[in-house]
Structures are given as C-alpha cells and as structure tokens.
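First comes the structure, then the notes that go with it.
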Amino acid sequence: MASYRSVTVYCSSSNEIEESYFEAARTLGQLFARHHVQLVNGGGSVGLMGVMAREVHAREGRVVGVIPKRLKDIEGRAYDASDELILTETMRERKRIMFEMSDGYVALAGGYGTLEEFLEVLTLRKLGYHDRPIVLLNTNGFYDSLLSFFDSMTRKGFAHGDTKSYFDVVSRPEDVLPALGLGD
Ligand code: AMP
C-alpha cells in the first residue's frame, strides 16, 4: 500500500456559497488523492468539507474525519464514508487530534469555524509549538481583507514580527501541495 502523509484541511461547512469555491475544493481533493496525501478534516458531510472528502474518495484517496459526538448525533451530518471517523467528546479534543495527526495545515475559504482553526495553528506556530507548514488558499481573493487586517494589527503594534512569514498564501489549489513541500 502507498504510504500517506497527512494534511489537515479547515474549510467551510456552508453549502450556500459560490460554485468556484466548491471547484477549488474538488481540485484540491483530486491532488491529495493523486499525491497520496491523506485528508484530515472536521468529519462533516456538508459544504467544502463534504465536497473535498467525496472527491478524495472518488479518486481512491484516504479521508480521516474527526468530529465531536454531539455534532454527529445532533446534526447527523458526519461524513460516514470516512476511512476513519474519530469521535471526540469536545470541540477542543477534535482540534487537538486534527492538529496532532498532521504534517501540515491548509485553510480554504470558510466562516468563523475555519478562521478559528486557522488562527490557532498560526498562533501555535508563531509561539514555537510546532514548525509544520500552513497554507491559506485565497480563492477569489476571499482572504484579502483578513490579510490587510493583519497588516493593520502589525502597524498599530498589536502584532509583532512578521507573522505572515509563518504561512503561505496561494490563490490556486495546484499551488497548495508544493507550498506544503509535498507533491510538486
Ligand atoms: P465554518 O467555517 O464556520 O463553516 O466551520 C467549518 C470548520 O469548523 C471546519 O473546518 C470544521 O472543522 C468545523 N465545523 C463546523 N461545522 C461543522 C459540521 N457541521 N461538521 C463538521 N465540522 C464542522
């Protein structure tokens, strides 16, 4: 069997977004499968999460979902086809497992959940808790205003050092794996 690296992808759970975001998630899913990169995600079947997981599977790749029991039971929205579905008691435990089992982290377009996950791995990297690569996929310039806000935080003295040096920003899914140092 091929050996897999693992990469955690944080992304939207919403289905009410433009098609181009789904397209980017599908393309990235194809690339994960082609380069034997195991997808670790929040275990949801909805939004970009579900689309990317299904695409990885359609190309015979591997998917590990990590989902709190409460989300799975109450919402019933887990991606049950995951090769491994890890059920956790809490959101924090879920984030810890997603963090610990990966060789790198990617954030696609998303909402509050995605932003929170991205900022956590970024803060941990900046504080020296890990040195794994982090990539922000800036589809359609989705994150331009966040990146400007980061500049503003730095200018006003709320952030120190070159925080942006701790992650890569790419606009095409094809550039994600090379930025992670995988599958170029
Ligand atoms: P959001 O960006 O607010 O849509 O939240 C998406 C992120 O939060 C994902 O990366 C997941 O880890 C987590 N998440 C939020 N909602 C769900 C859900 N229904 N099922 C699984 N994970 C979710």
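Order determines the names: the first chain of the structure tokens is A, the second B, and so forth; residues in each chain are numbered 1 upward, and ligands are numbered 1 upward as they are shown.
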Picked from chain A by DSSP as strand (DSSP E), as a PDB file with N, CA and C atoms, in the first residue's frame:
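For reference, result-v1.pdb as written:
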```pdb
ATOM      1  N   ARG A   5       1.131  10.816   3.596  1.00  0.00           N
ATOM      2  CA  ARG A   5       1.335  11.919   4.537  1.00  0.00           C
ATOM      3  C   ARG A   5      -0.055  12.403   4.901  1.00  0.00           C
ATOM      4  N   SER A   6      -0.173  13.078   6.019  1.00  0.00           N
ATOM      5  CA  SER A   6      -1.487  13.594   6.417  1.00  0.00           C
ATOM      6  C   SER A   6      -1.490  15.109   6.455  1.00  0.00           C
ATOM      7  N   VAL A   7      -2.526  15.700   5.894  1.00  0.00           N
ATOM      8  CA  VAL A   7      -2.671  17.155   5.937  1.00  0.00           C
ATOM      9  C   VAL A   7      -4.097  17.491   6.391  1.00  0.00           C
ATOM     10  N   THR A   8      -4.186  18.369   7.366  1.00  0.00           N
ATOM     11  CA  THR A   8      -5.495  18.805   7.848  1.00  0.00           C
ATOM     12  C   THR A   8      -5.983  19.988   7.021  1.00  0.00           C
ATOM     13  N   VAL A   9      -7.224  19.895   6.597  1.00  0.00           N
ATOM     14  CA  VAL A   9      -7.825  20.985   5.819  1.00  0.00           C
ATOM     15  C   VAL A   9      -9.012  21.552   6.604  1.00  0.00           C
ATOM     16  N   TYR A  10      -8.935  22.838   6.888  1.00  0.00           N
ATOM     17  CA  TYR A  10     -10.028  23.548   7.543  1.00  0.00           C
ATOM     18  C   TYR A  10     -10.814  24.268   6.446  1.00  0.00           C
ATOM     19  N   VAL A  37      -1.772  12.035  -0.340  1.00  0.00           N
ATOM     20  CA  VAL A  37      -1.850  12.846   0.878  1.00  0.00           C
ATOM     21  C   VAL A  37      -3.197  12.543   1.523  1.00  0.00           C
ATOM     22  N   GLN A  38      -3.140  12.042   2.754  1.00  0.00           N
ATOM     23  CA  GLN A  38      -4.372  11.705   3.464  1.00  0.00           C
ATOM     24  C   GLN A  38      -5.041  12.983   3.963  1.00  0.00           C
ATOM     25  N   LEU A  39      -6.334  13.102   3.669  1.00  0.00           N
ATOM     26  CA  LEU A  39      -7.088  14.273   4.125  1.00  0.00           C
ATOM     27  C   LEU A  39      -7.582  14.056   5.549  1.00  0.00           C
ATOM     28  N   VAL A  40      -7.232  14.988   6.425  1.00  0.00           N
ATOM     29  CA  VAL A  40      -7.801  15.010   7.780  1.00  0.00           C
ATOM     30  C   VAL A  40      -8.705  16.232   7.824  1.00  0.00           C
ATOM     31  N   ASN A  41      -9.960  16.044   8.213  1.00  0.00           N
ATOM     32  CA  ASN A  41     -10.836  17.220   8.300  1.00  0.00           C
ATOM     33  C   ASN A  41     -11.831  17.060   9.434  1.00  0.00           C
ATOM     34  N   VAL A  63      -9.478   9.454   3.666  1.00  0.00           N
ATOM     35  CA  VAL A  63     -10.077  10.549   4.434  1.00  0.00           C
ATOM     36  C   VAL A  63     -10.216  10.137   5.900  1.00  0.00           C
ATOM     37  N   VAL A  64      -9.726  10.996   6.791  1.00  0.00           N
ATOM     38  CA  VAL A  64      -9.951  10.800   8.227  1.00  0.00           C
ATOM     39  C   VAL A  64     -10.778  11.982   8.724  1.00  0.00           C
ATOM     40  N   GLY A  65     -11.934  11.686   9.288  1.00  0.00           N
ATOM     41  CA  GLY A  65     -12.789  12.745   9.836  1.00  0.00           C
ATOM     42  C   GLY A  65     -12.711  12.725  11.350  1.00  0.00           C
ATOM     43  N   VAL A  66     -12.651  13.909  11.942  1.00  0.00           N
ATOM     44  CA  VAL A  66     -12.591  13.997  13.408  1.00  0.00           C
ATOM     45  C   VAL A  66     -13.756  14.875  13.839  1.00  0.00           C
ATOM     46  N   ILE A  67     -14.733  14.272  14.499  1.00  0.00           N
ATOM     47  CA  ILE A  67     -15.966  15.024  14.758  1.00  0.00           C
ATOM     48  C   ILE A  67     -16.456  14.793  16.187  1.00  0.00           C
ATOM     49  N   PRO A  68     -16.890  15.850  16.853  1.00  0.00           N
ATOM     50  CA  PRO A  68     -17.449  15.656  18.197  1.00  0.00           C
ATOM     51  C   PRO A  68     -18.733  14.843  18.117  1.00  0.00           C
ATOM     52  N   GLU A  84     -11.627   6.585   8.346  1.00  0.00           N
ATOM     53  CA  GLU A  84     -11.557   6.546   9.798  1.00  0.00           C
ATOM     54  C   GLU A  84     -12.385   7.728  10.277  1.00  0.00           C
ATOM     55  N   LEU A  85     -13.353   7.476  11.140  1.00  0.00           N
ATOM     56  CA  LEU A  85     -14.139   8.577  11.697  1.00  0.00           C
ATOM     57  C   LEU A  85     -13.873   8.579  13.201  1.00  0.00           C
ATOM     58  N   ILE A  86     -13.157   9.588  13.657  1.00  0.00           N
ATOM     59  CA  ILE A  86     -12.775   9.654  15.071  1.00  0.00           C
ATOM     60  C   ILE A  86     -13.795  10.524  15.796  1.00  0.00           C
ATOM     61  N   LEU A  87     -14.458   9.927  16.796  1.00  0.00           N
ATOM     62  CA  LEU A  87     -15.474  10.672  17.544  1.00  0.00           C
ATOM     63  C   LEU A  87     -14.854  11.229  18.816  1.00  0.00           C
ATOM     64  N   THR A  88     -15.065  12.504  19.064  1.00  0.00           N
ATOM     65  CA  THR A  88     -14.482  13.127  20.255  1.00  0.00           C
ATOM     66  C   THR A  88     -15.598  13.635  21.164  1.00  0.00           C
ATOM     67  N   GLY A 104       0.904  19.085   8.033  1.00  0.00           N
ATOM     68  CA  GLY A 104       0.727  20.458   7.586  1.00  0.00           C
ATOM     69  C   GLY A 104      -0.751  20.821   7.635  1.00  0.00           C
ATOM     70  N   TYR A 105      -1.039  22.096   7.452  1.00  0.00           N
ATOM     71  CA  TYR A 105      -2.398  22.607   7.614  1.00  0.00           C
ATOM     72  C   TYR A 105      -2.764  23.528   6.460  1.00  0.00           C
ATOM     73  N   VAL A 106      -4.006  23.385   6.010  1.00  0.00           N
ATOM     74  CA  VAL A 106      -4.481  24.234   4.921  1.00  0.00           C
ATOM     75  C   VAL A 106      -5.829  24.809   5.328  1.00  0.00           C
ATOM     76  N   ALA A 107      -6.021  26.103   5.080  1.00  0.00           N
ATOM     77  CA  ALA A 107      -7.355  26.683   5.258  1.00  0.00           C
ATOM     78  C   ALA A 107      -7.883  27.100   3.899  1.00  0.00           C
ATOM     79  N   ILE A 134       1.894  25.901   6.984  1.00  0.00           N
ATOM     80  CA  ILE A 134       0.486  26.326   6.983  1.00  0.00           C
ATOM     81  C   ILE A 134       0.236  27.076   5.674  1.00  0.00           C
ATOM     82  N   VAL A 135      -0.849  26.727   4.994  1.00  0.00           N
ATOM     83  CA  VAL A 135      -1.158  27.384   3.719  1.00  0.00           C
ATOM     84  C   VAL A 135      -2.589  27.922   3.741  1.00  0.00           C
ATOM     85  N   LEU A 136      -2.716  29.150   3.297  1.00  0.00           N
ATOM     86  CA  LEU A 136      -4.039  29.756   3.153  1.00  0.00           C
ATOM     87  C   LEU A 136      -4.364  29.772   1.664  1.00  0.00           C
ATOM     88  N   LEU A 137      -5.430  29.058   1.283  1.00  0.00           N
ATOM     89  CA  LEU A 137      -5.842  29.078  -0.127  1.00  0.00           C
ATOM     90  C   LEU A 137      -6.820  30.239  -0.312  1.00  0.00           C
ATOM     91  N   ASP A 168       1.950  30.461   4.108  1.00  0.00           N
ATOM     92  CA  ASP A 168       1.981  30.832   2.690  1.00  0.00           C
ATOM     93  C   ASP A 168       0.565  31.119   2.222  1.00  0.00           C
ATOM     94  N   VAL A 169       0.469  32.098   1.348  1.00  0.00           N
ATOM     95  CA  VAL A 169      -0.830  32.398   0.736  1.00  0.00           C
ATOM     96  C   VAL A 169      -0.730  32.021  -0.735  1.00  0.00           C
ATOM     97  N   VAL A 170      -1.645  31.185  -1.197  1.00  0.00           N
ATOM     98  CA  VAL A 170      -1.662  30.825  -2.618  1.00  0.00           C
ATOM     99  C   VAL A 170      -3.072  31.035  -3.140  1.00  0.00           C
TER     100      VAL A 170
END
```
(message) Neighbouring residues of ligand 1 are defined here as those with any atom at most 7 Å from a ligand atom, counting only C-alpha atoms and all ligand atoms; list them as JSON, numbers by chain.
(response) {"A": [9, 10, 11, 12, 13, 14, 41, 42, 43, 44, 45, 46, 49, 67, 71, 75, 77, 78, 110, 111, 112, 113, 114, 115, 117]}
(request) Would you mind listing what lies within 10 Å of stretch 124-132 of chain A as a list in words, with only C-alpha atoms counted and same-chain residues fewer than 4 positions away left out? (result)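 Once the nearby chain positions are removed, what remains is Phe99, Glu100, Ser102, Asp103, Gly104, Tyr105, Leu119, Glu120, Gly161, Asp162, Thr163, Lys164, Ser165, Tyr166, Phe167 and Leu180 of chain A.
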(message) What does the structure give for the distance between atom CA of A:Asp175 and atom CA of A:Gly29, in Å to one decimal?
(response)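 Interatomic distance, atom CA of A:Asp175 to atom CA of A:Gly29: 12.9 Å.
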(message) Which of stretch 102-135 of chain A end up as alpha helix (DSSP H) when DSSP is run on this backbone - answer as a PyMOL selection string?
(response) chain A and resi 112-126
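Atom pair atom CA of A:Tyr143 / atom CA of A:Leu108 has a distance of 9.4 Å (rounded to one decimal).
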Go through stretch 134-159 of chain A residue by residue and, counting only C-alpha atoms, keep those with an atom at most 10 Å from stretch 16-24 of chain A; for each kept residue give the shortest atom pair and its distance in Å to one decimal, ordered by chain and increasing number, as a Markdown table.
```
| residue | atom | partner | partner_atom | distance |
| --- | --- | --- | --- | --- |
| A:Leu137 | CA | A:Ala24 | CA | 8.9 |
| A:Asn138 | CA | A:Tyr21 | CA | 10.0 |
| A:Thr139 | CA | A:Tyr21 | CA | 6.9 |
| A:Asn140 | CA | A:Ser20 | CA | 8.2 |
| A:Phe142 | CA | A:Tyr21 | CA | 9.6 |
```
Write the selection just made, keeping N, CA, C and O atoms, as a PDB file, in the first residue's frame?
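Writing done, so here's part26.pdb:
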```pdb
ATOM      1  N   LEU A 137      -5.430  29.058   1.283  1.00  0.00           N
ATOM      2  CA  LEU A 137      -5.842  29.078  -0.127  1.00  0.00           C
ATOM      3  C   LEU A 137      -6.820  30.239  -0.312  1.00  0.00           C
ATOM      4  O   LEU A 137      -7.960  30.204   0.151  1.00  0.00           O
ATOM      5  N   ASN A 138      -6.319  31.271  -0.976  1.00  0.00           N
ATOM      6  CA  ASN A 138      -7.055  32.536  -1.085  1.00  0.00           C
ATOM      7  C   ASN A 138      -7.869  32.579  -2.384  1.00  0.00           C
ATOM      8  O   ASN A 138      -7.654  33.441  -3.242  1.00  0.00           O
ATOM      9  N   THR A 139      -8.800  31.655  -2.499  1.00  0.00           N
ATOM     10  CA  THR A 139      -9.626  31.575  -3.719  1.00  0.00           C
ATOM     11  C   THR A 139     -10.400  32.882  -3.942  1.00  0.00           C
ATOM     12  O   THR A 139     -11.060  33.372  -3.021  1.00  0.00           O
ATOM     13  N   ASN A 140     -10.313  33.410  -5.136  1.00  0.00           N
ATOM     14  CA  ASN A 140     -11.039  34.654  -5.489  1.00  0.00           C
ATOM     15  C   ASN A 140     -10.697  35.817  -4.562  1.00  0.00           C
ATOM     16  O   ASN A 140     -11.530  36.705  -4.357  1.00  0.00           O
ATOM     17  N   PHE A 142     -10.611  35.748  -1.449  1.00  0.00           N
ATOM     18  CA  PHE A 142     -11.522  35.680  -0.298  1.00  0.00           C
ATOM     19  C   PHE A 142     -10.904  36.258   0.975  1.00  0.00           C
ATOM     20  O   PHE A 142     -11.583  36.903   1.775  1.00  0.00           O
TER      21      PHE A 142
END
```
(request) Between atom CA of A:Leu177 and atom CA of A:Ala159, measure the distance and give it in Å to one decimal. (result) 28.1 Å
(request) Kindly indicate which residue among A:Gly183, A:Pro133, A:Pro173, A:Pro178 lies nearest to A:Met52, using only C-alpha atoms for the distances. (result)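 Nearest to A:Met52: A:Pro173.
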